[in-house]
Amino acid sequence: MNLKVLLPFRIFVEKTDVSRIVAETGAGSFGILPHRLDCVAALMPGILEFETPTDGVVYIAVDEGVMVKAGADVLVSVRNAISGTDLDKLHAAVEREFLNLDEQERDARVVLAKLESGFINRFKAFRGE
């Protein structure tokens with residue numbers, strides 16, 4: 001299989017001759033072998049694992065995203081990724097970096113919603129409604 005891990009601003013990993021891929025979904029671990037039917041999976045923050053004959057098993061901490069298998073190509077599109085060899089450090093990075101981003105995004109959405117409602121109320125007052 002051909003694996004490509006895409007970030008919003010660049011290609012993080014591009015590998016050929018991948019023999020297996022394991023990723024985290026909301027329902028648990030999800031594995032892909034070369035002859036698996038085409039599929040799509042929503043990824044949760046976690047560890048993406050793949051294996052090649054030259055590199056062996058490789059681990060990448062990924063943020064939430066989408067994995068698409070079409071023929072021999074597997075595309076993984078995530079917001080952020082960190083590579084490493086120590087699984088404990090990668091797991092800690094997932095908890096520290098990716099899960100904290102979710103909290104920051106929620107806070108930002110709350111502030112944005114308040115700004116939007118304030119703007120609408122001021123606009124109504126301006127129009128005399």
# chains A, B, ... in the order shown; residues from 1 in each chain; ligands from 1

call {"tool": "residues_around", "arguments": {"residues": "stretch 30-43 of chain A", "least_positions_apart": "3", "cutoff": "9 Å", "atoms": "only C-alpha atoms", "output": "MDAnalysis selection string"}}
result
chainID A and resid 1 18:27 46 62:72 76 78

call {"tool": "write_last_selection", "arguments": {"atoms": "N, CA and C atoms", "output": "mmCIF file, in the first residue's frame"}}
result
data_model
loop_
_atom_site.group_PDB
_atom_site.id
_atom_site.type_symbol
_atom_site.label_atom_id
_atom_site.label_comp_id
_atom_site.auth_asym_id
_atom_site.auth_seq_id
_atom_site.Cartn_x
_atom_site.Cartn_y
_atom_site.Cartn_z
ATOM 1 N N MET A 1 0.843 -1.179 0.000
ATOM 2 C CA MET A 1 0.000 0.000 0.000
ATOM 3 C C MET A 1 0.884 1.237 0.000
ATOM 4 N N VAL A 18 3.802 -0.258 2.184
ATOM 5 C CA VAL A 18 3.314 -0.398 3.562
ATOM 6 C C VAL A 18 2.525 -1.691 3.652
ATOM 7 N N SER A 19 2.867 -2.523 4.629
ATOM 8 C CA SER A 19 2.215 -3.831 4.734
ATOM 9 C C SER A 19 0.986 -3.822 5.631
ATOM 10 N N ARG A 20 0.929 -2.884 6.602
ATOM 11 C CA ARG A 20 -0.253 -2.792 7.472
ATOM 12 C C ARG A 20 -0.301 -1.423 8.125
ATOM 13 N N ILE A 21 -1.528 -1.012 8.496
ATOM 14 C CA ILE A 21 -1.757 0.266 9.151
ATOM 15 C C ILE A 21 -2.766 0.039 10.266
ATOM 16 N N VAL A 22 -2.518 0.630 11.429
ATOM 17 C CA VAL A 22 -3.454 0.567 12.547
ATOM 18 C C VAL A 22 -3.658 1.994 13.046
ATOM 19 N N ALA A 23 -4.930 2.398 13.197
ATOM 20 C CA ALA A 23 -5.264 3.745 13.650
ATOM 21 C C ALA A 23 -6.369 3.670 14.702
ATOM 22 N N GLU A 24 -6.549 4.768 15.447
ATOM 23 C CA GLU A 24 -7.566 4.862 16.495
ATOM 24 C C GLU A 24 -8.818 5.545 15.953
ATOM 25 N N THR A 25 -9.977 4.893 16.144
ATOM 26 C CA THR A 25 -11.254 5.497 15.782
ATOM 27 C C THR A 25 -12.111 5.598 17.038
ATOM 28 N N GLY A 26 -13.281 6.173 16.905
ATOM 29 C CA GLY A 26 -14.184 6.268 18.044
ATOM 30 C C GLY A 26 -14.638 4.911 18.546
ATOM 31 N N ALA A 27 -14.592 3.891 17.698
ATOM 32 C CA ALA A 27 -15.009 2.539 18.069
ATOM 33 C C ALA A 27 -13.842 1.661 18.494
ATOM 34 N N GLY A 46 -4.690 9.916 18.711
ATOM 35 C CA GLY A 46 -4.085 8.666 19.156
ATOM 36 C C GLY A 46 -2.834 8.354 18.371
ATOM 37 N N VAL A 62 -1.182 11.285 16.114
ATOM 38 C CA VAL A 62 -1.995 12.102 15.218
ATOM 39 C C VAL A 62 -3.171 12.704 15.972
ATOM 40 N N ASP A 63 -3.583 13.873 15.512
ATOM 41 C CA ASP A 63 -4.773 14.523 16.024
ATOM 42 C C ASP A 63 -5.971 13.941 15.283
ATOM 43 N N GLU A 64 -7.167 14.406 15.586
ATOM 44 C CA GLU A 64 -8.339 13.873 14.903
ATOM 45 C C GLU A 64 -8.281 14.192 13.417
ATOM 46 N N GLY A 65 -8.906 13.333 12.633
ATOM 47 C CA GLY A 65 -8.882 13.520 11.194
ATOM 48 C C GLY A 65 -9.654 12.425 10.489
ATOM 49 N N VAL A 66 -9.263 12.163 9.245
ATOM 50 C CA VAL A 66 -9.955 11.182 8.409
ATOM 51 C C VAL A 66 -8.925 10.303 7.712
ATOM 52 N N MET A 67 -9.250 9.013 7.595
ATOM 53 C CA MET A 67 -8.419 8.075 6.849
ATOM 54 C C MET A 67 -9.276 7.508 5.717
ATOM 55 N N VAL A 68 -8.730 7.534 4.497
ATOM 56 C CA VAL A 68 -9.443 7.031 3.323
ATOM 57 C C VAL A 68 -8.564 6.004 2.629
ATOM 58 N N LYS A 69 -9.106 4.805 2.402
ATOM 59 C CA LYS A 69 -8.402 3.782 1.623
ATOM 60 C C LYS A 69 -9.129 3.630 0.298
ATOM 61 N N ALA A 70 -8.394 3.867 -0.783
ATOM 62 C CA ALA A 70 -8.949 3.725 -2.131
ATOM 63 C C ALA A 70 -7.929 2.963 -2.955
ATOM 64 N N GLY A 71 -8.227 1.714 -3.251
ATOM 65 C CA GLY A 71 -7.278 0.874 -3.968
ATOM 66 C C GLY A 71 -6.051 0.630 -3.108
ATOM 67 N N ALA A 72 -4.875 0.891 -3.658
ATOM 68 C CA ALA A 72 -3.634 0.691 -2.913
ATOM 69 C C ALA A 72 -3.203 1.947 -2.150
ATOM 70 N N VAL A 76 -4.298 9.786 4.953
ATOM 71 C CA VAL A 76 -4.671 10.170 6.308
ATOM 72 C C VAL A 76 -4.524 11.679 6.387
ATOM 73 N N VAL A 78 -4.956 14.783 8.892
ATOM 74 C CA VAL A 78 -5.106 15.161 10.295
ATOM 75 C C VAL A 78 -4.666 16.604 10.490
#

call {"tool": "select_by_dssp", "arguments": {"residues": "chain A", "states": "strand (DSSP E)", "output": "ChimeraX atom specification"}}
result
/A:2-6,11-15,20-25,28-32,39-43,46-52,56-62,65-70,73-78,81-84

call {"tool": "residues_around", "arguments": {"residues": "A:Asp73", "least_positions_apart": "6", "cutoff": "9 Å", "atoms": "only C-alpha atoms", "output": "list of chain:residue names"}}
result
A:Met1, A:Asn2, A:Leu3, A:Lys4

call {"tool": "closest_atom_pairs", "arguments": {"of": "stretch 10-79 of chain A", "to": "stretch 85-92 of chain A", "cutoff": "9 Å", "atoms": "only C-alpha atoms", "output": "Markdown table"}}
result
| residue | atom | partner | partner_atom | distance |
| --- | --- | --- | --- | --- |
| A:Gly46 | CA | A:His91 | CA | 7.1 |
| A:Ile47 | CA | A:His91 | CA | 7.2 |
| A:Val58 | CA | A:Thr85 | CA | 7.3 |
| A:Tyr59 | CA | A:Thr85 | CA | 6.5 |
| A:Ile60 | CA | A:Leu90 | CA | 7.5 |
| A:Ala61 | CA | A:Leu90 | CA | 5.8 |

call {"tool": "closest_residue", "arguments": {"among": "A:Asn121, A:Ser29, A:Ser83, A:Thr52", "to": "A:Asp17", "atoms": "only C-alpha atoms"}}
result
A:Thr52

call {"tool": "select_by_dssp", "arguments": {"residues": "chain A", "states": "helix (DSSP H, G or I)", "output": "ChimeraX atom specification"}}
result
/A:87-127

call {"tool": "write_last_selection", "arguments": {"atoms": "C-alpha atoms", "output": "PDB file, in the first residue's frame"}}
result
ATOM      1  CA  LEU A  87       5.333   5.073  22.603  1.00  0.00           C
ATOM      2  CA  ASP A  88       5.053   6.468  26.134  1.00  0.00           C
ATOM      3  CA  LYS A  89       6.337   9.866  24.984  1.00  0.00           C
ATOM      4  CA  LEU A  90       4.028   9.836  21.957  1.00  0.00           C
ATOM      5  CA  HIS A  91       1.027   8.934  24.119  1.00  0.00           C
ATOM      6  CA  ALA A  92       1.898  11.768  26.503  1.00  0.00           C
ATOM      7  CA  ALA A  93       2.227  14.118  23.512  1.00  0.00           C
ATOM      8  CA  VAL A  94      -1.265  13.134  22.336  1.00  0.00           C
ATOM      9  CA  GLU A  95      -2.725  13.907  25.751  1.00  0.00           C
ATOM     10  CA  ARG A  96      -0.743  17.118  26.203  1.00  0.00           C
ATOM     11  CA  GLU A  97      -0.911  18.643  22.727  1.00  0.00           C
ATOM     12  CA  PHE A  98      -3.986  17.365  20.943  1.00  0.00           C
ATOM     13  CA  LEU A  99      -6.518  17.007  23.741  1.00  0.00           C
ATOM     14  CA  ASN A 100      -5.620  20.445  25.152  1.00  0.00           C
ATOM     15  CA  LEU A 101      -6.229  21.953  21.709  1.00  0.00           C
ATOM     16  CA  ASP A 102      -9.808  20.699  21.903  1.00  0.00           C
ATOM     17  CA  GLU A 103     -10.334  22.642  25.143  1.00  0.00           C
ATOM     18  CA  GLN A 104      -8.828  25.777  23.609  1.00  0.00           C
ATOM     19  CA  GLU A 105     -11.073  25.426  20.556  1.00  0.00           C
ATOM     20  CA  ARG A 106     -14.157  25.070  22.756  1.00  0.00           C
ATOM     21  CA  ASP A 107     -13.175  28.221  24.651  1.00  0.00           C
ATOM     22  CA  ALA A 108     -12.594  30.070  21.377  1.00  0.00           C
ATOM     23  CA  ARG A 109     -15.993  28.966  20.048  1.00  0.00           C
ATOM     24  CA  VAL A 110     -17.719  30.233  23.212  1.00  0.00           C
ATOM     25  CA  VAL A 111     -16.019  33.620  22.858  1.00  0.00           C
ATOM     26  CA  LEU A 112     -16.896  33.760  19.160  1.00  0.00           C
ATOM     27  CA  ALA A 113     -20.548  32.924  19.883  1.00  0.00           C
ATOM     28  CA  LYS A 114     -20.682  35.745  22.452  1.00  0.00           C
ATOM     29  CA  LEU A 115     -19.166  38.168  19.952  1.00  0.00           C
ATOM     30  CA  GLU A 116     -21.652  37.130  17.277  1.00  0.00           C
ATOM     31  CA  SER A 117     -24.661  37.484  19.564  1.00  0.00           C
ATOM     32  CA  GLY A 118     -23.409  40.863  20.799  1.00  0.00           C
ATOM     33  CA  PHE A 119     -22.986  42.043  17.217  1.00  0.00           C
ATOM     34  CA  ILE A 120     -26.502  40.912  16.301  1.00  0.00           C
ATOM     35  CA  ASN A 121     -28.008  42.615  19.359  1.00  0.00           C
ATOM     36  CA  ARG A 122     -26.176  45.883  18.601  1.00  0.00           C
ATOM     37  CA  PHE A 123     -27.223  45.688  14.952  1.00  0.00           C
ATOM     38  CA  LYS A 124     -30.878  45.195  15.994  1.00  0.00           C
ATOM     39  CA  ALA A 125     -30.615  48.160  18.369  1.00  0.00           C
ATOM     40  CA  PHE A 126     -29.079  50.271  15.600  1.00  0.00           C
ATOM     41  CA  ARG A 127     -31.915  49.427  13.234  1.00  0.00           C
TER      42      ARG A 127
END

call {"tool": "closest_residue", "arguments": {"among": "A:Val13, A:Val57, A:Glu51, A:Gly28", "to": "A:Ile82", "atoms": "only C-alpha atoms"}}
result
A:Val13

call {"tool": "atom_distance", "arguments": {"atom1": "atom CA of A:Thr54", "atom2": "atom CA of A:Pro8"}}
result
27.5 Å

call {"tool": "atom_distance", "arguments": {"atom1": "atom CA of A:Val5", "atom2": "atom CA of A:Gly56"}}
result
17.2 Å

call {"tool": "atom_distance", "arguments": {"atom1": "atom CA of A:Ala81", "atom2": "atom CA of A:Met44"}}
result
12.1 Å

call {"tool": "closest_residue", "arguments": {"among": "A:Leu6, A:Gly128, A:Phe12, A:Leu48", "to": "A:Leu75", "atoms": "only C-alpha atoms"}}
result
A:Leu6

call {"tool": "decode", "arguments": {"residues": "chain A", "atoms": "C-alpha atoms", "output": "mmCIF file, in the first residue's frame"}}
result
data_model
loop_
_atom_site.group_PDB
_atom_site.id
_atom_site.type_symbol
_atom_site.label_atom_id
_atom_site.label_comp_id
_atom_site.auth_asym_id
_atom_site.auth_seq_id
_atom_site.Cartn_x
_atom_site.Cartn_y
_atom_site.Cartn_z
ATOM 1 C CA MET A 1 0.000 0.000 0.000
ATOM 2 C CA ASN A 2 0.960 3.624 -0.373
ATOM 3 C CA LEU A 3 0.499 5.772 2.731
ATOM 4 C CA LYS A 4 0.349 9.538 2.764
ATOM 5 C CA VAL A 5 -0.201 11.491 6.010
ATOM 6 C CA LEU A 6 -1.390 15.000 5.201
ATOM 7 C CA LEU A 7 -1.352 18.045 7.463
ATOM 8 C CA PRO A 8 -3.164 21.283 6.560
ATOM 9 C CA PHE A 9 0.118 22.866 5.453
ATOM 10 C CA ARG A 10 2.305 20.008 4.207
ATOM 11 C CA ILE A 11 2.781 16.285 3.619
ATOM 12 C CA PHE A 12 3.978 14.795 6.909
ATOM 13 C CA VAL A 13 4.798 11.249 5.730
ATOM 14 C CA GLU A 14 4.766 9.569 2.338
ATOM 15 C CA LYS A 15 5.639 5.847 2.258
ATOM 16 C CA THR A 16 5.294 3.067 -0.269
ATOM 17 C CA ASP A 17 5.253 -0.701 0.276
ATOM 18 C CA VAL A 18 3.314 -0.398 3.562
ATOM 19 C CA SER A 19 2.215 -3.831 4.734
ATOM 20 C CA ARG A 20 -0.253 -2.792 7.472
ATOM 21 C CA ILE A 21 -1.757 0.266 9.151
ATOM 22 C CA VAL A 22 -3.454 0.567 12.547
ATOM 23 C CA ALA A 23 -5.264 3.745 13.650
ATOM 24 C CA GLU A 24 -7.566 4.862 16.495
ATOM 25 C CA THR A 25 -11.254 5.497 15.782
ATOM 26 C CA GLY A 26 -14.184 6.268 18.044
ATOM 27 C CA ALA A 27 -15.009 2.539 18.069
ATOM 28 C CA GLY A 28 -11.438 1.443 18.906
ATOM 29 C CA SER A 29 -8.433 0.388 16.851
ATOM 30 C CA PHE A 30 -8.904 0.040 13.108
ATOM 31 C CA GLY A 31 -6.538 -2.039 10.987
ATOM 32 C CA ILE A 32 -5.925 -2.013 7.247
ATOM 33 C CA LEU A 33 -4.164 -4.703 5.239
ATOM 34 C CA PRO A 34 -3.321 -4.405 1.513
ATOM 35 C CA HIS A 35 -6.331 -6.324 0.175
ATOM 36 C CA ARG A 36 -8.950 -4.723 2.409
ATOM 37 C CA LEU A 37 -11.964 -3.201 0.692
ATOM 38 C CA ASP A 38 -11.983 0.550 0.195
ATOM 39 C CA CYS A 39 -13.203 2.427 3.254
ATOM 40 C CA VAL A 40 -13.307 5.699 5.185
ATOM 41 C CA ALA A 41 -12.758 6.114 8.934
ATOM 42 C CA ALA A 42 -12.933 9.095 11.288
ATOM 43 C CA LEU A 43 -9.781 9.161 13.404
ATOM 44 C CA MET A 44 -9.536 10.138 17.046
ATOM 45 C CA PRO A 45 -6.401 11.618 18.634
ATOM 46 C CA GLY A 46 -4.085 8.666 19.156
ATOM 47 C CA ILE A 47 -1.246 6.620 17.709
ATOM 48 C CA LEU A 48 -1.111 5.722 14.017
ATOM 49 C CA GLU A 49 1.038 2.651 13.429
ATOM 50 C CA PHE A 50 2.301 1.377 10.094
ATOM 51 C CA GLU A 51 4.891 -1.149 8.960
ATOM 52 C CA THR A 52 7.237 -1.242 5.978
ATOM 53 C CA PRO A 53 9.959 -3.790 5.153
ATOM 54 C CA THR A 54 12.696 -1.131 5.291
ATOM 55 C CA ASP A 55 11.567 0.927 8.324
ATOM 56 C CA GLY A 56 9.861 -1.744 10.384
ATOM 57 C CA VAL A 57 7.060 -0.529 12.653
ATOM 58 C CA VAL A 58 6.666 3.267 12.733
ATOM 59 C CA TYR A 59 4.514 5.219 15.210
ATOM 60 C CA ILE A 60 3.003 8.670 14.667
ATOM 61 C CA ALA A 61 0.887 10.577 17.178
ATOM 62 C CA VAL A 62 -1.995 12.102 15.218
ATOM 63 C CA ASP A 63 -4.773 14.523 16.024
ATOM 64 C CA GLU A 64 -8.339 13.873 14.903
ATOM 65 C CA GLY A 65 -8.882 13.520 11.194
ATOM 66 C CA VAL A 66 -9.955 11.182 8.409
ATOM 67 C CA MET A 67 -8.419 8.075 6.849
ATOM 68 C CA VAL A 68 -9.443 7.031 3.323
ATOM 69 C CA LYS A 69 -8.402 3.782 1.623
ATOM 70 C CA ALA A 70 -8.949 3.725 -2.131
ATOM 71 C CA GLY A 71 -7.278 0.874 -3.968
ATOM 72 C CA ALA A 72 -3.634 0.691 -2.913
ATOM 73 C CA ASP A 73 -3.604 4.287 -1.628
ATOM 74 C CA VAL A 74 -4.288 5.228 1.990
ATOM 75 C CA LEU A 75 -4.629 8.939 2.732
ATOM 76 C CA VAL A 76 -4.671 10.170 6.308
ATOM 77 C CA SER A 77 -5.617 13.801 6.768
ATOM 78 C CA VAL A 78 -5.106 15.161 10.295
ATOM 79 C CA ARG A 79 -4.715 18.582 11.884
ATOM 80 C CA ASN A 80 -1.436 17.802 13.630
ATOM 81 C CA ALA A 81 1.089 14.962 13.879
ATOM 82 C CA ILE A 82 4.216 14.146 15.884
ATOM 83 C CA SER A 83 6.586 11.304 15.053
ATOM 84 C CA GLY A 84 8.765 9.439 17.507
ATOM 85 C CA THR A 85 10.019 6.059 18.596
ATOM 86 C CA ASP A 86 9.019 5.992 22.279
ATOM 87 C CA LEU A 87 5.333 5.073 22.603
ATOM 88 C CA ASP A 88 5.053 6.468 26.134
ATOM 89 C CA LYS A 89 6.337 9.866 24.984
ATOM 90 C CA LEU A 90 4.028 9.836 21.957
ATOM 91 C CA HIS A 91 1.027 8.934 24.119
ATOM 92 C CA ALA A 92 1.898 11.768 26.503
ATOM 93 C CA ALA A 93 2.227 14.118 23.512
ATOM 94 C CA VAL A 94 -1.265 13.134 22.336
ATOM 95 C CA GLU A 95 -2.725 13.907 25.751
ATOM 96 C CA ARG A 96 -0.743 17.118 26.203
ATOM 97 C CA GLU A 97 -0.911 18.643 22.727
ATOM 98 C CA PHE A 98 -3.986 17.365 20.943
ATOM 99 C CA LEU A 99 -6.518 17.007 23.741
ATOM 100 C CA ASN A 100 -5.620 20.445 25.152
ATOM 101 C CA LEU A 101 -6.229 21.953 21.709
ATOM 102 C CA ASP A 102 -9.808 20.699 21.903
ATOM 103 C CA GLU A 103 -10.334 22.642 25.143
ATOM 104 C CA GLN A 104 -8.828 25.777 23.609
ATOM 105 C CA GLU A 105 -11.073 25.426 20.556
ATOM 106 C CA ARG A 106 -14.157 25.070 22.756
ATOM 107 C CA ASP A 107 -13.175 28.221 24.651
ATOM 108 C CA ALA A 108 -12.594 30.070 21.377
ATOM 109 C CA ARG A 109 -15.993 28.966 20.048
ATOM 110 C CA VAL A 110 -17.719 30.233 23.212
ATOM 111 C CA VAL A 111 -16.019 33.620 22.858
ATOM 112 C CA LEU A 112 -16.896 33.760 19.160
ATOM 113 C CA ALA A 113 -20.548 32.924 19.883
ATOM 114 C CA LYS A 114 -20.682 35.745 22.452
ATOM 115 C CA LEU A 115 -19.166 38.168 19.952
ATOM 116 C CA GLU A 116 -21.652 37.130 17.277
ATOM 117 C CA SER A 117 -24.661 37.484 19.564
ATOM 118 C CA GLY A 118 -23.409 40.863 20.799
ATOM 119 C CA PHE A 119 -22.986 42.043 17.217
ATOM 120 C CA ILE A 120 -26.502 40.912 16.301
ATOM 121 C CA ASN A 121 -28.008 42.615 19.359
ATOM 122 C CA ARG A 122 -26.176 45.883 18.601
ATOM 123 C CA PHE A 123 -27.223 45.688 14.952
ATOM 124 C CA LYS A 124 -30.878 45.195 15.994
ATOM 125 C CA ALA A 125 -30.615 48.160 18.369
ATOM 126 C CA PHE A 126 -29.079 50.271 15.600
ATOM 127 C CA ARG A 127 -31.915 49.427 13.234
ATOM 128 C CA GLY A 128 -34.476 50.193 15.980
ATOM 129 C CA GLU A 129 -35.928 46.707 16.228
#
